[in-house]
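final.pdb follows (PDB, C-alpha atoms, pLDDT in the B column):
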ATOM      1  CA  MET A   1     -42.039  31.250 -42.916  1.00 50.00           C
ATOM      2  CA  VAL A   2     -45.344  30.370 -44.568  1.00 47.00           C
ATOM      3  CA  ILE A   3     -48.658  30.801 -42.774  1.00 45.00           C
ATOM      4  CA  GLY A   4     -51.457  29.238 -44.794  1.00 46.00           C
ATOM      5  CA  GLU A   5     -50.928  30.644 -48.247  1.00 45.00           C
ATOM      6  CA  ILE A   6     -49.292  33.851 -47.013  1.00 38.00           C
ATOM      7  CA  SER A   7     -45.507  33.962 -47.093  1.00 44.00           C
ATOM      8  CA  MET A   8     -44.016  35.906 -44.205  1.00 51.00           C
ATOM      9  CA  ARG A   9     -40.385  36.959 -44.213  1.00 63.00           C
ATOM     10  CA  GLU A  10     -38.387  36.843 -41.045  1.00 87.00           C
ATOM     11  CA  ILE A  11     -37.881  40.065 -39.136  1.00 93.00           C
ATOM     12  CA  GLU A  12     -34.274  40.205 -37.965  1.00 96.00           C
ATOM     13  CA  LYS A  13     -33.509  43.914 -37.589  1.00 97.00           C
ATOM     14  CA  VAL A  14     -35.856  46.380 -35.922  1.00 98.00           C
ATOM     15  CA  GLY A  15     -35.519  50.139 -35.688  1.00 98.00           C
ATOM     16  CA  VAL A  16     -37.402  51.704 -32.787  1.00 98.00           C
ATOM     17  CA  ILE A  17     -37.810  55.459 -33.090  1.00 98.00           C
ATOM     18  CA  GLY A  18     -38.202  56.899 -29.606  1.00 97.00           C
ATOM     19  CA  ALA A  19     -36.611  55.621 -26.383  1.00 97.00           C
ATOM     20  CA  GLY A  20     -39.355  56.722 -23.996  1.00 93.00           C
ATOM     21  CA  LEU A  21     -42.137  54.888 -22.209  1.00 90.00           C
ATOM     22  CA  MET A  22     -43.270  52.899 -25.234  1.00 95.00           C
ATOM     23  CA  GLY A  23     -40.048  52.831 -27.240  1.00 97.00           C
ATOM     24  CA  HIS A  24     -38.005  51.072 -24.589  1.00 97.00           C
ATOM     25  CA  ALA A  25     -40.734  48.440 -24.161  1.00 97.00           C
ATOM     26  CA  LEU A  26     -40.876  47.841 -27.909  1.00 97.00           C
ATOM     27  CA  ALA A  27     -37.109  47.381 -27.929  1.00 98.00           C
ATOM     28  CA  ILE A  28     -37.393  44.785 -25.139  1.00 98.00           C
ATOM     29  CA  VAL A  29     -40.167  42.804 -26.829  1.00 96.00           C
ATOM     30  CA  HIS A  30     -38.349  42.583 -30.143  1.00 97.00           C
ATOM     31  CA  ALA A  31     -34.989  41.792 -28.523  1.00 98.00           C
ATOM     32  CA  LEU A  32     -36.597  39.064 -26.384  1.00 97.00           C
ATOM     33  CA  GLY A  33     -37.954  37.654 -29.642  1.00 95.00           C
ATOM     34  CA  GLY A  34     -34.416  37.397 -30.998  1.00 96.00           C
ATOM     35  CA  CYS A  35     -34.308  40.519 -33.169  1.00 97.00           C
ATOM     36  CA  ASN A  36     -31.426  42.953 -33.270  1.00 98.00           C
ATOM     37  CA  VAL A  37     -32.828  46.333 -32.275  1.00 98.00           C
ATOM     38  CA  ILE A  38     -31.522  49.841 -32.801  1.00 98.00           C
ATOM     39  CA  MET A  39     -33.354  52.258 -30.507  1.00 98.00           C
ATOM     40  CA  GLN A  40     -33.102  55.884 -31.596  1.00 98.00           C
ATOM     41  CA  ASP A  41     -33.887  59.145 -29.889  1.00 98.00           C
ATOM     42  CA  LEU A  42     -32.854  62.763 -30.382  1.00 96.00           C
ATOM     43  CA  LYS A  43     -31.093  63.235 -27.045  1.00 97.00           C
ATOM     44  CA  ASP A  44     -28.511  61.248 -25.117  1.00 97.00           C
ATOM     45  CA  ILE A  45     -30.508  61.786 -21.921  1.00 97.00           C
ATOM     46  CA  GLN A  46     -33.546  60.038 -23.443  1.00 97.00           C
ATOM     47  CA  ILE A  47     -31.422  57.109 -24.606  1.00 98.00           C
ATOM     48  CA  THR A  48     -29.855  56.841 -21.150  1.00 98.00           C
ATOM     49  CA  LYS A  49     -33.305  56.829 -19.532  1.00 98.00           C
ATOM     50  CA  GLY A  50     -34.540  54.281 -22.059  1.00 98.00           C
ATOM     51  CA  LEU A  51     -31.612  51.959 -21.314  1.00 98.00           C
ATOM     52  CA  GLN A  52     -32.253  52.328 -17.574  1.00 98.00           C
ATOM     53  CA  LEU A  53     -35.912  51.397 -18.121  1.00 98.00           C
ATOM     54  CA  ILE A  54     -34.844  48.403 -20.209  1.00 98.00           C
ATOM     55  CA  ASP A  55     -32.462  47.206 -17.516  1.00 98.00           C
ATOM     56  CA  SER A  56     -35.088  47.644 -14.807  1.00 98.00           C
ATOM     57  CA  ALA A  57     -37.787  45.833 -16.790  1.00 98.00           C
ATOM     58  CA  LEU A  58     -35.482  42.933 -17.617  1.00 98.00           C
ATOM     59  CA  GLU A  59     -34.396  42.675 -13.981  1.00 98.00           C
ATOM     60  CA  THR A  60     -38.078  42.495 -13.002  1.00 98.00           C
ATOM     61  CA  LEU A  61     -38.514  39.605 -15.453  1.00 98.00           C
ATOM     62  CA  VAL A  62     -35.499  37.845 -13.912  1.00 98.00           C
ATOM     63  CA  ASP A  63     -36.827  38.383 -10.373  1.00 98.00           C
ATOM     64  CA  ALA A  64     -40.202  36.965 -11.437  1.00 98.00           C
ATOM     65  CA  GLY A  65     -38.513  33.887 -12.901  1.00 97.00           C
ATOM     66  CA  THR A  66     -39.789  34.724 -16.391  1.00 97.00           C
ATOM     67  CA  ILE A  67     -36.297  34.887 -17.907  1.00 98.00           C
ATOM     68  CA  SER A  68     -32.855  33.858 -16.724  1.00 98.00           C
ATOM     69  CA  LYS A  69     -29.943  36.203 -16.083  1.00 98.00           C
ATOM     70  CA  THR A  70     -28.356  34.819 -19.252  1.00 98.00           C
ATOM     71  CA  GLU A  71     -31.508  35.656 -21.247  1.00 98.00           C
ATOM     72  CA  LYS A  72     -31.427  39.142 -19.745  1.00 98.00           C
ATOM     73  CA  GLU A  73     -27.843  39.681 -20.869  1.00 98.00           C
ATOM     74  CA  ASN A  74     -28.515  38.185 -24.305  1.00 98.00           C
ATOM     75  CA  THR A  75     -31.525  40.458 -24.720  1.00 98.00           C
ATOM     76  CA  LYS A  76     -29.541  43.536 -23.699  1.00 98.00           C
ATOM     77  CA  SER A  77     -26.791  42.594 -26.145  1.00 98.00           C
ATOM     78  CA  ARG A  78     -29.298  42.692 -29.013  1.00 98.00           C
ATOM     79  CA  ILE A  79     -30.221  46.342 -28.263  1.00 98.00           C
ATOM     80  CA  THR A  80     -28.018  49.150 -29.510  1.00 98.00           C
ATOM     81  CA  THR A  81     -28.736  52.856 -29.594  1.00 98.00           C
ATOM     82  CA  THR A  82     -28.174  55.833 -31.843  1.00 98.00           C
ATOM     83  CA  LEU A  83     -29.030  59.498 -32.093  1.00 98.00           C
ATOM     84  CA  ASP A  84     -29.231  59.173 -35.885  1.00 98.00           C
ATOM     85  CA  LEU A  85     -32.609  58.142 -37.305  1.00 98.00           C
ATOM     86  CA  ASN A  86     -30.979  57.144 -40.610  1.00 98.00           C
ATOM     87  CA  VAL A  87     -28.727  54.647 -38.821  1.00 98.00           C
ATOM     88  CA  ALA A  88     -31.701  53.192 -36.940  1.00 98.00           C
ATOM     89  CA  VAL A  89     -33.765  52.524 -40.062  1.00 98.00           C
ATOM     90  CA  GLU A  90     -31.396  52.058 -43.009  1.00 97.00           C
ATOM     91  CA  ASP A  91     -31.049  48.259 -42.618  1.00 96.00           C
ATOM     92  CA  ALA A  92     -34.212  47.571 -40.617  1.00 97.00           C
ATOM     93  CA  ASP A  93     -36.762  44.983 -41.682  1.00 96.00           C
ATOM     94  CA  LEU A  94     -39.279  46.651 -39.359  1.00 97.00           C
ATOM     95  CA  VAL A  95     -39.378  50.259 -38.142  1.00 98.00           C
ATOM     96  CA  VAL A  96     -41.685  51.155 -35.274  1.00 97.00           C
ATOM     97  CA  GLU A  97     -42.322  54.817 -34.491  1.00 97.00           C
ATOM     98  CA  ALA A  98     -42.884  55.551 -30.800  1.00 96.00           C
ATOM     99  CA  VAL A  99     -42.503  59.318 -30.519  1.00 96.00           C
ATOM    100  CA  VAL A 100     -44.568  61.931 -28.718  1.00 93.00           C
ATOM    101  CA  GLU A 101     -48.262  62.119 -29.607  1.00 92.00           C
ATOM    102  CA  ASN A 102     -47.978  65.230 -31.723  1.00 93.00           C
ATOM    103  CA  ARG A 103     -49.258  65.137 -35.292  1.00 93.00           C
ATOM    104  CA  ASP A 104     -46.600  67.490 -36.672  1.00 95.00           C
ATOM    105  CA  VAL A 105     -43.779  65.590 -34.989  1.00 94.00           C
ATOM    106  CA  LYS A 106     -45.120  62.277 -36.276  1.00 95.00           C
ATOM    107  CA  ARG A 107     -45.417  63.636 -39.817  1.00 95.00           C
ATOM    108  CA  GLU A 108     -41.805  64.764 -39.749  1.00 96.00           C
ATOM    109  CA  VAL A 109     -40.614  61.465 -38.282  1.00 97.00           C
ATOM    110  CA  PHE A 110     -42.512  59.418 -40.859  1.00 96.00           C
ATOM    111  CA  SER A 111     -41.146  61.583 -43.663  1.00 97.00           C
ATOM    112  CA  ASN A 112     -37.626  60.987 -42.376  1.00 97.00           C
ATOM    113  CA  ILE A 113     -38.257  57.253 -42.007  1.00 97.00           C
ATOM    114  CA  ASP A 114     -39.674  57.086 -45.519  1.00 96.00           C
ATOM    115  CA  ASN A 115     -36.570  58.789 -46.920  1.00 96.00           C
ATOM    116  CA  ALA A 116     -34.098  56.572 -45.029  1.00 97.00           C
ATOM    117  CA  ALA A 117     -35.704  53.124 -44.845  1.00 97.00           C
ATOM    118  CA  ARG A 118     -35.360  50.379 -47.433  1.00 95.00           C
ATOM    119  CA  GLY A 119     -38.326  49.997 -49.781  1.00 93.00           C
ATOM    120  CA  GLU A 120     -39.111  46.556 -48.354  1.00 93.00           C
ATOM    121  CA  ALA A 121     -39.141  47.713 -44.749  1.00 95.00           C
ATOM    122  CA  ILE A 122     -42.353  47.453 -42.785  1.00 96.00           C
ATOM    123  CA  ILE A 123     -43.118  50.794 -41.144  1.00 96.00           C
ATOM    124  CA  ALA A 124     -45.450  50.857 -38.161  1.00 95.00           C
ATOM    125  CA  SER A 125     -46.668  53.297 -35.541  1.00 94.00           C
ATOM    126  CA  ASN A 126     -47.273  52.954 -31.848  1.00 90.00           C
ATOM    127  CA  THR A 127     -49.801  55.774 -31.994  1.00 78.00           C
ATOM    128  CA  SER A 128     -52.405  55.593 -29.273  1.00 64.00           C
TER     129      SER A 128
END
Spell out the structure here as structure tokens.
Amino acid sequence: MVIGEISMREIEKVGVIGAGLMGHALAIVHALGGCNVIMQDLKDIQITKGLQLIDSALETLVDAGTISKTEKENTKSRITTTLDLNVAVEDADLVVEAVVENRDVKREVFSNIDNAARGEAIIASNTS
């Protein structure tokens, strides 16, 4: 895609690091936009909660008439999960960090992302 004189490459694969309050929402937004998303967290319980939040949010969008049930299912099918940060970022075009607001944790996460992500990957933060 070209915008003005700036060439923008398509984002197809997104790694979301953190499945909590912001991470699950980021996964939804990117999946609704047609991206394949891998949502990562350190614990199965967090991933389970994140998937429950995703399902609830998408059902709210269906109830409001914003998306169809088919769009809901298609969106859910574009979201996968992993406990392994390397798996979440190794093929991602975009990596969005959405972990706890703790400087030391964020430093460690960004170091791990930097070591595992492709050189061309866009790395972003959801830091408040």
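Excluding Ile38 (chain A) and any residue on its chain fewer than 3 positions from it, the residues at most 6 Å away by all atoms listed in the file are Gly15, Ile79, Thr80, Thr81 and Ala88 of chain A.
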Inset, instruction - Within 9 Å of Ala121 (chain A), counting all atoms listed in the file, which residues show up once you throw out same-chain ones fewer than 4 positions away? Write them as a list in words, please. - result: Val89, Asp91, Ala92, Asp93, Leu94, Val95 and Ala117 of chain A
Legend entry - Counting only C-alpha atoms, the option among A:Thr48, A:Ser56, A:Ser125, A:Asn36 closest to Asn74 (chain A): A:Asn36
Inset, instruction - Please evaluate the PyMOL selection byres ((chain A and resi 24-33) around 6) against the structure above and give the resulting residues as an NGL selection string. - result: :A and (19-20 or 22-23 or 34-35 or 50 or 75 or 78)
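Our summary of the geometry notes that CA of Thr70 (chain A) is positioned 20.4 Å from CA of Glu12 (chain A).
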Close residues, Leu42 (chain A) itself excluded, 10 Å, all atoms listed in the file, min 6 positions apart in chain, as a PDB file with C-alpha atoms, keeping the file's coordinate frame:
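Output below, filename around39.pdb:
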ATOM      1  CA  ILE A  17     -37.810  55.459 -33.090  1.00 98.00           C
ATOM      2  CA  GLY A  18     -38.202  56.899 -29.606  1.00 97.00           C
ATOM      3  CA  ALA A  19     -36.611  55.621 -26.383  1.00 97.00           C
ATOM      4  CA  THR A  82     -28.174  55.833 -31.843  1.00 98.00           C
ATOM      5  CA  LEU A  83     -29.030  59.498 -32.093  1.00 98.00           C
ATOM      6  CA  ASP A  84     -29.231  59.173 -35.885  1.00 98.00           C
ATOM      7  CA  LEU A  85     -32.609  58.142 -37.305  1.00 98.00           C
TER       8      LEU A  85
END
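Every residue that the PyMOL selection byres ((chain A and resi 58) around 10) selects in this file is listed here: Ile28, Leu32, Gln52, Leu53, Ile54, Asp55, Ser56, Ala57, Glu59, Thr60, Leu61, Val62, Asp63, Ala64, Thr66, Ile67, Ser68, Lys69, Glu71, Lys72, Glu73, Thr75 and Lys76 of chain A.
In this model, the gap between CA of Ser77 (chain A) and CA of Val99 (chain A) comes to 23.4 Å.
Distances from A:Gln46, A:Glu108, A:Glu97, A:Gly65 to Thr127 (chain A) were compared using all atoms listed in the file, and the smallest one belongs to A:Glu97.
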Inset, instruction - Enter the distance from CA of Glu120 (chain A) to CA of Val37 (chain A), in Å, rounded to one decimal. - result: 17.3 Å
Legend entry - Spatial neighbours of Asn115 (chain A), max dist 10 Å, all atoms listed in the file, sep filter under 3 positions, as number ranges by chain: A: 86, 89-90, 109-112, 118-119
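The smallest atom-to-atom distance between Val87 (chain A) and any of A:Lys49, A:Asp44, A:Asn102, A:Ile113, using only C-alpha atoms, is found for A:Ile113.
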